[in-house]
>>> print(open('structure_10.cif').read())   # mmCIF, C-alpha atoms and all ligand atoms
data_my_file
loop_
_atom_site.label_atom_id
_atom_site.label_comp_id
_atom_site.auth_asym_id
_atom_site.auth_seq_id
_atom_site.Cartn_x
_atom_site.Cartn_y
_atom_site.Cartn_z
CA MET C 89 12.31 -9.24 0.18
CA GLY C 90 12.22 -7.12 3.34
CA ALA C 91 9.60 -4.64 2.21
CA LEU C 92 7.61 -7.39 0.62
CA ALA C 93 7.62 -9.44 3.80
CA SER C 94 6.23 -6.62 5.91
CA TRP C 95 3.51 -6.02 3.35
CA VAL C 96 2.61 -9.68 3.71
CA VAL C 97 2.27 -9.42 7.48
CA LEU C 98 -0.02 -6.43 7.02
CA ALA C 99 -2.16 -8.41 4.60
CA VAL C 100 -2.56 -11.17 7.15
CA ALA C 101 -3.62 -8.69 9.82
CA LEU C 102 -6.08 -6.76 7.67
CA GLY C 103 -7.22 -9.15 5.01
CA GLN C 104 -8.24 -12.36 6.73
CA SER C 105 -11.72 -12.95 8.06
CA SER C 106 -12.90 -15.49 10.61
CA ALA C 107 -16.41 -15.69 9.16
CA PRO C 108 -17.84 -19.22 8.66
CA TYR C 109 -17.13 -18.74 4.97
CA VAL C 110 -15.80 -15.99 2.72
CA ARG C 111 -16.76 -15.78 -0.93
CA SER C 112 -14.07 -14.94 -3.49
CA ARG C 113 -14.43 -11.46 -4.98
CA VAL C 114 -13.41 -9.77 -8.22
CA SER C 115 -11.08 -7.72 -6.02
CA PRO C 116 -10.11 -10.09 -3.22
CA GLY C 117 -11.45 -8.95 0.13
CA ASP C 118 -13.25 -5.92 -1.36
CA ASP C 119 -16.95 -6.27 -0.55
CA ALA C 120 -17.76 -3.50 -3.05
CA THR C 121 -16.88 -5.89 -5.86
CA GLN C 122 -18.81 -8.87 -7.19
CA CYS C 123 -18.49 -12.43 -5.89
CA LEU C 124 -17.29 -15.24 -8.13
CA TYR C 125 -19.69 -18.07 -9.00
CA TRP C 126 -20.57 -20.56 -11.69
CA THR C 127 -23.89 -20.20 -13.49
CA GLN C 128 -23.87 -23.31 -15.63
CA ALA C 129 -25.74 -26.36 -14.32
CA ARG C 130 -22.92 -28.80 -14.96
CA VAL C 131 -19.19 -28.19 -14.58
CA VAL C 132 -16.90 -30.87 -15.97
CA TRP C 133 -13.39 -31.16 -14.55
CA GLN C 134 -10.57 -33.40 -15.77
CA GLN C 135 -7.33 -34.77 -14.40
CA SER C 136 -4.08 -34.76 -16.31
CA THR C 137 -3.27 -38.30 -17.47
CA VAL C 138 0.17 -38.34 -15.83
CA GLY C 139 -1.01 -37.73 -12.28
CA ASN C 140 1.82 -37.13 -9.81
CA GLN C 141 4.95 -38.35 -11.58
CA LYS C 142 6.80 -38.53 -8.26
CA VAL C 143 4.76 -41.51 -7.07
CA THR C 144 4.23 -44.94 -8.55
CA ASN C 145 0.97 -46.19 -7.05
CA HIS C 146 -1.09 -43.27 -8.43
CA THR C 147 -3.63 -43.28 -5.66
CA GLU C 148 -3.78 -39.48 -6.15
CA PHE C 149 -6.37 -39.87 -8.92
CA GLN C 150 -8.88 -41.44 -6.54
CA ALA C 151 -8.04 -38.95 -3.75
CA ILE C 152 -8.84 -36.05 -6.09
CA SER C 153 -12.06 -37.72 -7.26
CA ASP C 154 -13.02 -38.20 -3.61
CA SER C 155 -12.38 -34.51 -2.92
CA PHE C 156 -14.71 -33.35 -5.67
CA GLN C 157 -17.25 -35.95 -4.57
CA SER C 158 -17.32 -34.50 -1.05
CA TRP C 159 -18.40 -31.16 -2.54
CA GLN C 160 -20.75 -32.83 -5.03
CA ASP C 161 -22.52 -34.58 -2.16
CA ILE C 162 -23.34 -31.16 -0.70
CA PHE C 163 -24.39 -29.74 -4.07
CA ALA C 164 -26.66 -32.75 -4.61
CA ASN C 165 -28.32 -32.06 -1.29
CA CYS C 166 -28.87 -28.30 -1.41
CA GLY C 167 -27.08 -26.86 -4.45
CA ASN C 168 -27.79 -26.27 -8.14
CA LEU C 169 -24.49 -27.36 -9.65
CA THR C 170 -23.20 -30.74 -10.78
CA LEU C 171 -19.45 -31.26 -10.59
CA ALA C 172 -18.70 -34.07 -13.04
CA GLU C 173 -15.37 -35.75 -13.70
CA GLY C 174 -14.52 -36.06 -17.38
CA PRO C 175 -11.94 -38.36 -18.94
CA ARG C 176 -8.28 -37.76 -18.15
CA VAL C 177 -6.57 -35.47 -20.65
CA ASP C 178 -3.05 -34.95 -22.00
CA SER C 179 -3.21 -31.14 -21.63
CA ARG C 180 -0.64 -29.51 -19.33
CA THR C 181 -2.00 -25.99 -19.83
CA VAL C 182 -3.83 -24.06 -17.13
CA GLY C 183 -5.77 -20.84 -17.65
CA TYR C 184 -8.54 -19.76 -19.95
CA ALA C 185 -8.33 -20.29 -23.69
CA ARG C 186 -10.51 -18.03 -25.76
CA THR C 187 -10.71 -20.62 -28.47
CA GLY C 188 -10.28 -24.36 -28.71
CA ASP C 189 -10.30 -26.76 -25.82
CA ASN C 190 -11.06 -25.09 -22.55
CA ILE C 191 -10.96 -27.57 -19.76
CA ASN C 192 -11.05 -27.33 -16.00
CA LEU C 193 -7.77 -29.10 -15.43
CA ILE C 194 -6.26 -30.72 -12.34
CA LEU C 195 -2.53 -31.40 -12.53
CA PHE C 196 0.65 -31.89 -10.53
CA ARG C 197 3.78 -29.88 -11.38
CA THR C 198 6.88 -31.84 -10.36
CA ARG C 199 9.63 -29.38 -11.32
CA SER C 200 10.36 -25.87 -10.08
CA CYS C 201 10.58 -23.30 -12.89
CA ARG C 202 13.52 -21.68 -11.09
CA GLU C 203 15.44 -24.94 -11.45
CA VAL C 204 14.57 -25.84 -15.04
CA VAL C 205 14.19 -22.48 -16.78
CA ASP C 206 17.02 -20.03 -17.47
CA SER C 207 16.63 -17.04 -15.14
CA GLY C 208 16.78 -14.67 -18.11
CA ASP C 209 13.88 -16.35 -19.87
CA ALA C 210 11.15 -13.90 -20.84
CA CYS C 211 8.52 -16.31 -19.53
CA PHE C 212 9.11 -15.08 -15.97
CA ALA C 213 8.03 -11.53 -16.83
CA ALA C 214 5.22 -12.79 -19.03
CA ASP C 215 4.04 -15.26 -16.36
CA THR C 216 4.01 -18.06 -18.91
CA CYS C 217 6.75 -20.36 -17.57
CA ALA C 218 4.41 -22.87 -15.94
CA ASN C 219 2.58 -23.77 -19.12
CA THR C 220 5.58 -23.41 -21.44
CA TYR C 221 7.96 -25.54 -19.39
CA ASP C 222 5.46 -27.59 -17.37
CA CYS C 223 6.89 -26.35 -14.06
CA TRP C 224 5.78 -24.77 -10.76
CA ASP C 225 6.29 -20.99 -10.90
CA ASP C 226 4.51 -19.83 -7.75
CA SER C 227 5.99 -19.59 -4.26
CA ALA C 228 7.88 -22.74 -3.25
CA GLY C 229 5.95 -22.71 0.04
CA THR C 230 2.54 -22.83 -1.62
CA ILE C 231 1.10 -26.35 -1.70
CA ALA C 232 -1.39 -25.81 -4.51
CA ILE C 233 -2.97 -23.03 -6.56
CA THR C 234 -6.42 -22.68 -8.07
CA LEU C 235 -6.42 -20.36 -11.08
CA THR C 236 -9.91 -19.07 -11.83
CA THR C 237 -10.92 -16.97 -14.84
CA TYR C 238 -14.08 -14.91 -14.52
CA ASP C 239 -15.98 -11.96 -15.92
CA GLU C 240 -14.85 -8.88 -14.04
CA ARG C 241 -18.26 -7.21 -14.10
CA THR C 242 -20.52 -10.12 -13.27
CA GLY C 243 -18.21 -12.42 -11.32
CA ILE C 244 -19.35 -15.35 -13.46
CA VAL C 245 -16.63 -18.00 -13.65
CA TYR C 246 -15.53 -19.32 -17.05
CA ASP C 247 -12.73 -21.65 -16.10
CA SER C 248 -10.87 -22.96 -13.06
CA ASP C 249 -7.73 -25.07 -12.89
CA ILE C 250 -5.92 -26.61 -9.92
CA SER C 251 -2.15 -27.08 -9.84
CA PHE C 252 -0.37 -29.06 -7.10
CA ASN C 253 3.20 -28.18 -6.12
CA ALA C 254 4.86 -31.61 -6.23
CA ALA C 255 8.18 -29.84 -6.89
CA THR C 256 8.34 -28.98 -3.18
CA PHE C 257 5.81 -31.15 -1.39
CA ASN C 258 5.71 -34.90 -0.83
CA PHE C 259 2.08 -35.72 -1.56
CA THR C 260 0.66 -38.79 0.14
CA THR C 261 -2.69 -40.56 0.30
CA GLY C 262 -2.19 -42.76 3.36
CA ASN C 263 -4.09 -42.91 6.62
CA GLY C 264 -1.31 -44.01 8.93
CA GLY C 265 -0.79 -40.79 10.88
CA PRO C 266 1.86 -38.13 10.40
CA CYS C 267 5.20 -39.23 8.94
CA GLY C 268 7.76 -39.28 11.76
CA ILE C 269 11.52 -39.47 11.68
CA VAL C 270 11.14 -43.05 10.52
CA ALA C 271 8.36 -42.78 7.96
CA ASN C 272 5.94 -45.69 7.80
CA PRO C 273 4.73 -46.54 4.31
CA ASN C 274 1.17 -45.41 4.96
CA CYS C 275 2.03 -42.15 6.74
CA VAL C 276 0.62 -38.72 5.94
CA ASP C 277 2.95 -35.99 4.73
CA THR C 278 1.06 -33.53 2.49
CA ASP C 279 -2.27 -35.25 1.98
CA VAL C 280 -3.72 -35.09 -1.53
CA GLN C 281 -7.36 -35.20 -0.45
CA ASN C 282 -6.78 -32.64 2.31
CA THR C 283 -5.23 -30.30 -0.25
CA ALA C 284 -7.67 -30.99 -3.08
CA THR C 285 -10.78 -30.53 -0.94
CA HIS C 286 -9.49 -27.07 0.00
CA GLU C 287 -8.68 -26.19 -3.61
CA VAL C 288 -12.08 -27.34 -4.87
CA GLY C 289 -13.47 -24.84 -2.36
CA HIS C 290 -11.63 -22.14 -4.33
CA PHE C 291 -12.85 -23.78 -7.56
CA VAL C 292 -16.48 -23.23 -6.53
CA GLY C 293 -15.90 -19.67 -5.30
CA LEU C 294 -14.65 -19.72 -1.71
CA ASP C 295 -11.84 -17.58 -0.38
CA HIS C 296 -9.88 -18.24 2.79
CA THR C 297 -11.25 -17.87 6.29
CA LEU C 298 -9.51 -18.18 9.64
CA ALA C 299 -12.61 -19.83 11.15
CA THR C 300 -11.52 -22.71 13.38
CA GLY C 301 -11.77 -26.08 11.67
CA SER C 302 -12.59 -24.66 8.23
CA THR C 303 -11.58 -26.53 5.09
CA MET C 304 -10.80 -23.03 3.77
CA ASN C 305 -8.22 -22.20 6.42
CA PRO C 306 -5.18 -21.02 4.44
CA SER C 307 -2.60 -23.15 6.21
CA ALA C 308 -2.10 -26.92 6.25
CA PRO C 309 0.68 -28.46 8.35
CA PRO C 310 2.29 -31.77 7.34
CA GLY C 311 0.21 -34.74 8.49
CA GLU C 312 -3.09 -32.87 8.34
CA VAL C 313 -6.17 -34.70 7.02
CA SER C 314 -8.95 -32.68 8.69
CA LYS C 315 -9.72 -30.65 5.57
CA ARG C 316 -10.88 -33.84 3.83
CA ASN C 317 -14.15 -33.31 5.69
CA ILE C 318 -15.96 -30.14 4.63
CA ASP C 319 -16.93 -28.00 7.62
CA SER C 320 -20.43 -26.67 8.30
CA GLY C 321 -19.53 -23.08 7.32
CA SER C 322 -18.30 -24.14 3.91
CA ARG C 323 -21.36 -26.35 3.52
CA SER C 324 -23.63 -23.42 4.20
CA PHE C 325 -21.88 -21.51 1.40
CA VAL C 326 -23.05 -24.11 -1.13
CA CYS C 327 -26.68 -23.82 -0.03
CA ALA C 328 -26.58 -20.00 0.01
CA ALA C 329 -24.60 -19.23 -3.14
CA TYR C 330 -25.94 -22.11 -5.25
CA PRO C 331 -29.49 -22.63 -3.94
CA LYS C 332 -31.19 -25.77 -5.16
CA GLY C 333 -33.89 -24.93 -7.70
CA SER C 334 -32.72 -21.31 -8.09
CA ALA C 335 -30.08 -19.34 -9.94
CA SER C 336 -26.59 -19.01 -8.52
CA GLN C 337 -26.38 -15.94 -6.34
CA PRO C 338 -24.20 -12.91 -7.03
CA CYS C 339 -23.32 -10.70 -4.06
CA ILE C 340 -24.32 -7.50 -5.85
CA PRO C 341 -27.48 -7.57 -8.02
CA LEU C 342 -26.59 -7.76 -11.71
CA PRO C 343 -27.77 -4.93 -13.98
CA PRO C 344 -30.97 -5.84 -15.89
CA GLY C 345 -30.22 -7.88 -18.99
CA SER C 346 -26.74 -8.72 -17.88
CA ASN C 347 -26.12 -12.41 -17.97
CA GLY C 348 -22.39 -12.24 -18.41
CA ASP C 349 -22.58 -13.93 -21.76
CA ASP C 350 -22.42 -10.95 -24.07
CA ASP C 351 -19.42 -11.32 -26.27
CA ASP C 352 -18.02 -7.84 -26.52
CA ASP C 353 -16.29 -5.54 -24.11
CA ASP C 354 -15.88 -8.18 -21.46
CA GLY C 355 -12.93 -7.85 -19.16
CA CYS C 356 -11.96 -11.13 -17.62
CA SER C 357 -9.59 -11.76 -14.81
CA ALA C 358 -7.80 -14.67 -13.36
CA ALA C 359 -7.42 -15.12 -9.64
CA SER C 360 -5.43 -17.72 -7.81
CA GLY C 361 -6.09 -19.08 -4.37
CA GLY C 362 -3.31 -20.98 -2.72
CA LEU C 363 -2.97 -23.36 0.17
CA ALA C 364 0.30 -22.87 1.96
CA ALA C 365 2.20 -24.61 4.68
CA LEU C 366 2.30 -21.51 6.88
CA PRO C 367 -0.04 -18.52 7.18
CA LEU C 368 2.74 -16.19 6.07
CA LEU C 369 3.24 -18.20 2.94
CA ALA C 370 -0.48 -18.29 2.37
CA ALA C 371 -0.43 -14.52 2.19
CA ALA C 372 2.53 -14.71 -0.15
CA SER C 373 0.37 -16.78 -2.44
CA LEU C 374 -2.14 -13.94 -2.47
CA LEU C 375 0.63 -11.76 -3.83
CA ALA C 376 1.01 -14.24 -6.64
CA ARG C 377 -2.59 -13.59 -7.67
CA ARG C 378 -2.55 -13.06 -11.40
CA ARG C 379 -4.87 -10.83 -13.30
CA ARG C 380 -5.53 -10.61 -16.97
CA ARG C 381 -7.59 -8.08 -18.77
CA GLY C 382 -9.08 -8.02 -22.20
CA VAL C 383 -9.77 -11.73 -22.36
CA ARG C 384 -13.03 -12.30 -24.12
ZN ZN L 1 -6.30 -21.65 -0.43
#
>>> encode(input="structure_10.cif", output="structure tokens")
Amino acid sequence: MGALASWVVLAVALGQSSAPYVRSRVSPGDDATQCLYWTQARVVWQQSTVGNQKVTNHTEFQAISDSFQSWQDIFANCGNLTLAEGPRVDSRTVGYARTGDNINLILFRTRSCREVVDSGDACFAADTCANTYDCWDDSAGTIAITLTTYDERTGIVYDSDISFNAATFNFTTGNGGPCGIVANPNCVDTDVQNTATHEVGHFVGLDHTLATGSTMNPSAPPGEVSKRNIDSGSRSFVCAAYPKGSASQPCIPLPPGSNGDDDDDDGCSAASGGLAALPLLAAASLLARRRRRGVR
């Protein structure tokens, strides 16, 4: 891990901006590549029926709905997109399916793949353990991951799914201040809405920024709830990238006739944006970014 760790530190030094907002790119951080954005007018997202199986009161459903609603309030004011919650679904599969059901899924993984899957299983090399065994296969220090599938040439997003790491983190929905040595029942450990509001930022095409007070700051210490409220920089992204009454905005003009919907020769990719407990781990989640080619 030594060489890997130093690479991570370098990535933090070179790769992180403090701009009010940073749009996600086909190649993360490379301004020569296209930004990611939705072009459809209505994006339906759905929660897994089981919620967070580590809790019994299941207040996480409402916290996630509230997180999307915070973004939807901004879109309703100055954007062109409607984020709509669909019925809860039994699916436990994230990623883009070329055929069949293709849903924008929100789920909690409560088991670590390293604990429930044999280390020799081919799923680790194939990056399929999470879906096959319903487990968390990213860094243990990453709180949540948004996996987005998009057209590599146009940046147009096809699918986005959010996974929460309940294998490591104790997700709460209370408002009683940080959990101390003696935890009160309403205390905040890893807040669902704080986490989800950040991840929905990735869902709509935002990357991390180190701007002070940003919902898209890559780190979130225990007890934090400030990311529940979307900051002015992230708000301005909605108005600029998804202008009300106009088409969603790429960062590089699309070639004439290119609408991203042609059905041959498309290369799609999947990118993941993570929210981590520490900046170093946030960068580690960037290393977990997965790419797929040849998806049509
Ligand atoms: Zn993130």
>>> closest_residue(input="structure_10.cif", among="C:Asp319, C:Asp277, C:Asp295, C:Asp215", to="ligand ZN 1 (chain L)", atoms="all atoms listed in the file")
C:Asp295
>>> residues_around(input="structure_10.cif", residues="range 129-142 of chain C", least_positions_apart="5", cutoff="6 Å", atoms="all atoms listed in the file", output="PyMOL selection string")
chain C and resi 169-174+176-178+192-196
>>> closest_residue(input="structure_10.cif", among="C:His296, C:Arg316, C:Arg202, C:Arg111", to="ligand ZN 1 (chain L)", atoms="all atoms listed in the file")
C:His296
>>> residues_around(input="structure_10.cif", residues="Gln128 in chain C", least_positions_apart="3", cutoff="12 Å", atoms="all atoms listed in the file", output="list in words")
Tyr125, Val131, Val132, Asn168, Leu169, Thr170, Leu171, Ile244, Val245, Tyr246, Asp247, Val292, Tyr330, Ser334, Ala335, Ser336, Asn347, Gly348 and Asp349 of chain C
>>> residues_around(input="structure_10.cif", residues="Thr303 in chain C", least_positions_apart="5", cutoff="8 Å", atoms="only C-alpha atoms", output="PyMOL selection string")
chain C and resi 285-286+289+314-319+322
>>> closest_residue(input="structure_10.cif", among="C:Pro175, C:Gly167, C:Gly265, C:Gly301", to="Ser153 in chain C", atoms="only C-alpha atoms")
C:Pro175
>>> closest_residue(input="structure_10.cif", among="C:Phe259, C:Phe325, C:Phe156, C:Phe291", to="ligand ZN 1 (chain L)", atoms="only C-alpha atoms and all ligand atoms")
C:Phe291
>>> closest_residue(input="structure_10.cif", among="C:Thr230, C:Ser179, C:Thr127, C:Thr237", to="ligand ZN 1 (chain L)", atoms="all atoms listed in the file")
C:Thr230
